[in-house]
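K.L.:
The following block contains the structure, expressed as structure tokens.
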Amino acid sequence: MKIYTHIAHLFNYPGGDYLNVVEKLHLELLEYDESLVDDFLPVAGHFTSNSTAELQEYYIRTFDVNAACYLDIGYVLFGEESKRGQFLLNMKNEQLKANNDCGTEFADHLPNVLTLLPKIEDHNFREELVVTMLLPALKHMLGNFRTEENNYRNLLKILVGLLETDFKDTAFEPYHINQKEIECSGAYSCGMDFTKLKGKKH
């Protein structure tokens with residue numbers, strides 16, 4: 001699970017030296033799948049060969065200016081619907097329970113969700129959170145990128161591959177994002193009530 005903490009670091013607003021975390025990620029990916037390592041090479045180059053200012057500009061272009069995707073999982077799933085508020089409250093409680101420092105970002109901010117995963121003691125809940133909520137959101141985010149050349153898109157692709165490997169043969173059903181419902185609420189993505197989601201495959 002430690003690998004998700006390292007990936008979370010790359011999804012945070014850029015700052016500091018990335019060589020150490022990139023080297024650790026490379027070694028950890030080797031234990032999963034060589035294809036993931038191939039996907040990671042351009043991402044590694046991006047974080048180790050650009051200045052902090054260049055990385056910050058790239059981050060802002062991706063997530064703020066063009067808004068290729070949002071990093072708040074609840075917003076991706078529910079848009080501006082009230083369901084997002086309930087999801088955010090539940091995530092805040094889980095973050096507090098795990099004593100996971102969310103900094104100035106929301107509890108459902110992707111890096112905060114990723115650093116939470118290794119700290120969740122209830123393995124069943126961790127699996128449910130990943131399969132029902134996180135993976136559908138990440139796949140939706142991937143679909144919102146206009147180009148395949150973006151380094152954060154490649155990082156998302158790697159993250160999806162890791163999660164699908166770690167949580168394969170799951171009994172939980174992924175939440176189906178209702179794009180039309182979200183568009184009607186004026187947001188770009190989707191919705192559901194995580195507190196009621198206990199549906200397993202039969």
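Identifiers for the structure tokens are assigned positionally: chains receive A, B, ... in sequence, residues are indexed from 1 per chain, and ligands are indexed from 1 in the order shown.
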Could you build a table of the residues in region 141-185 of chain A lying no more than 10 Å from region 39-60 of chain A, giving for each the nearest pair of atoms and their separation in Å rounded to one decimal place, using only C-alpha atoms, ordered by chain and ascending residue number, as JSON lines?
P.N.:
{"residue": "A:Glu149", "atom": "CA", "partner": "A:Pro42", "partner_atom": "CA", "distance": 9.6}
{"residue": "A:Asn150", "atom": "CA", "partner": "A:Val43", "partner_atom": "CA", "distance": 9.0}
{"residue": "A:Asn151", "atom": "CA", "partner": "A:Val43", "partner_atom": "CA", "distance": 5.4}
{"residue": "A:Tyr152", "atom": "CA", "partner": "A:Val43", "partner_atom": "CA", "distance": 7.7}
{"residue": "A:Arg153", "atom": "CA", "partner": "A:Val43", "partner_atom": "CA", "distance": 9.5}
{"residue": "A:Asn154", "atom": "CA", "partner": "A:Asp39", "partner_atom": "CA", "distance": 6.5}
{"residue": "A:Leu155", "atom": "CA", "partner": "A:Val43", "partner_atom": "CA", "distance": 6.9}
{"residue": "A:Lys157", "atom": "CA", "partner": "A:Asp39", "partner_atom": "CA", "distance": 8.3}
{"residue": "A:Ile158", "atom": "CA", "partner": "A:Asp39", "partner_atom": "CA", "distance": 7.0}
K.L.:
Selection from above, C-alpha atoms, as a PDB file, in the first residue's frame, can you write it?
P.N.:
ATOM      1  CA  GLU A 149       0.317  13.113 -24.047  1.00  0.00           C
ATOM      2  CA  ASN A 150      -0.364  14.635 -20.642  1.00  0.00           C
ATOM      3  CA  ASN A 151       1.909  13.253 -17.894  1.00  0.00           C
ATOM      4  CA  TYR A 152      -0.848  13.332 -15.298  1.00  0.00           C
ATOM      5  CA  ARG A 153      -3.029  11.265 -17.606  1.00  0.00           C
ATOM      6  CA  ASN A 154      -0.227   8.695 -17.775  1.00  0.00           C
ATOM      7  CA  LEU A 155       0.052   8.764 -13.986  1.00  0.00           C
ATOM      8  CA  LYS A 157      -3.452   5.269 -16.059  1.00  0.00           C
ATOM      9  CA  ILE A 158      -0.706   3.740 -13.903  1.00  0.00           C
TER      10      ILE A 158
END
K.L.:
Just want the 9 Å neighbourhood of Leu159 (chain A), counted on only C-alpha atoms, with same-chain residues fewer than 4 positions away dropped. Output as a ChimeraX atom specification.
P.N.:
/A:4,7,138,154-155,163-164
K.L.:
Include N, CA and C atoms and write out the residues we just selected as a PDB file, in the first residue's frame.
P.N.:
ATOM      1  N   TYR A   4       0.959   3.876  -2.950  1.00  0.00           N
ATOM      2  CA  TYR A   4      -0.060   4.893  -3.174  1.00  0.00           C
ATOM      3  C   TYR A   4       0.305   6.221  -2.507  1.00  0.00           C
ATOM      4  N   ILE A   7       2.618   7.867  -5.048  1.00  0.00           N
ATOM      5  CA  ILE A   7       1.868   8.420  -6.177  1.00  0.00           C
ATOM      6  C   ILE A   7       1.134   9.686  -5.741  1.00  0.00           C
ATOM      7  N   LEU A 138     -11.581   7.702 -11.102  1.00  0.00           N
ATOM      8  CA  LEU A 138     -10.323   7.795 -11.846  1.00  0.00           C
ATOM      9  C   LEU A 138     -10.531   7.522 -13.330  1.00  0.00           C
ATOM     10  N   ASN A 154      -1.016   9.930 -17.867  1.00  0.00           N
ATOM     11  CA  ASN A 154      -0.227   8.695 -17.775  1.00  0.00           C
ATOM     12  C   ASN A 154      -0.144   8.202 -16.333  1.00  0.00           C
ATOM     13  N   LEU A 155      -0.024   9.136 -15.399  1.00  0.00           N
ATOM     14  CA  LEU A 155       0.052   8.764 -13.986  1.00  0.00           C
ATOM     15  C   LEU A 155      -1.281   8.181 -13.515  1.00  0.00           C
ATOM     16  N   LEU A 163      -4.412  -0.233  -8.858  1.00  0.00           N
ATOM     17  CA  LEU A 163      -5.603  -0.507  -8.050  1.00  0.00           C
ATOM     18  C   LEU A 163      -6.348  -1.736  -8.561  1.00  0.00           C
ATOM     19  N   GLU A 164      -6.434  -1.883  -9.879  1.00  0.00           N
ATOM     20  CA  GLU A 164      -7.120  -3.045 -10.439  1.00  0.00           C
ATOM     21  C   GLU A 164      -6.358  -4.333 -10.135  1.00  0.00           C
TER      22      GLU A 164
END
K.L.:
My list of candidates is A:Leu114, A:Thr132, A:Lys139, A:Glu148. Which is closest to Phe167 (chain A) when distances are computed with only C-alpha atoms?
P.N.:
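Residue with the minimum atom-to-atom distance to Phe167 (chain A): A:Thr132.
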K.L.:
Which parts of region 26-195 of chain A does DSSP call helix (DSSP H, G or I) when run on the backbone here, written out as number ranges by chain?
P.N.:
A: 26-30, 34-49, 52-65, 73-78, 82-97, 110-119, 123-143, 151-166, 179-184, 194-195
K.L.:
Using only C-alpha atoms, which of the listed residues (A:Thr165, A:Arg126, A:Leu71, A:His176) sits closest to Leu142 (chain A)?
P.N.:
A:Leu71
K.L.:
I'd like the interatomic distance between CA of Glu81 (chain A) and CA of Asn178 (chain A), to a tenth of an Å.
P.N.:
12.1 Å
K.L.:
Pick from A:Lys83, A:Lys119, A:His9, A:Lys24: nearest to Leu96 (chain A), with only C-alpha atoms counted?
P.N.:
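Among the listed residues, A:Lys119 lies closest to Leu96 (chain A).
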K.L.:
What separation in Å, quoted to one decimal, exists between CA of Gly74 (chain A) and CA of Tyr32 (chain A)?
P.N.:
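The value is 28.3 Å.
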K.L.:
Any idea what the distance is between CA of Ser82 (chain A) and CA of Thr104 (chain A)?
P.N.:
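So the answer is 21.8 Å.
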K.L.:
Can you tell me which residues surround Leu89 (chain A) at a distance of at most 12 Å, considering only C-alpha atoms, apart from same-chain residues fewer than 3 positions away, and format the answer as a list in words?
P.N.:
Gly74, Ser82, Lys83, Arg84, Gly85, Gln86, Lys92, Asn93, Glu94, Gln95, Leu96, Phe106, Ala107, Asp108, Asp193, Phe194 and Thr195 of chain A
K.L.:
Considering only C-alpha atoms, return as a ChimeraX atom specification whatever protein or nucleic-acid residues lie within 12 Å of Asp72 (chain A), sequence-local ones (same chain, fewer than 6 positions apart) excluded.
P.N.:
/A:11-12,63,78-80,84-85,87-88,91,105-114,133-134,137-138,141,189
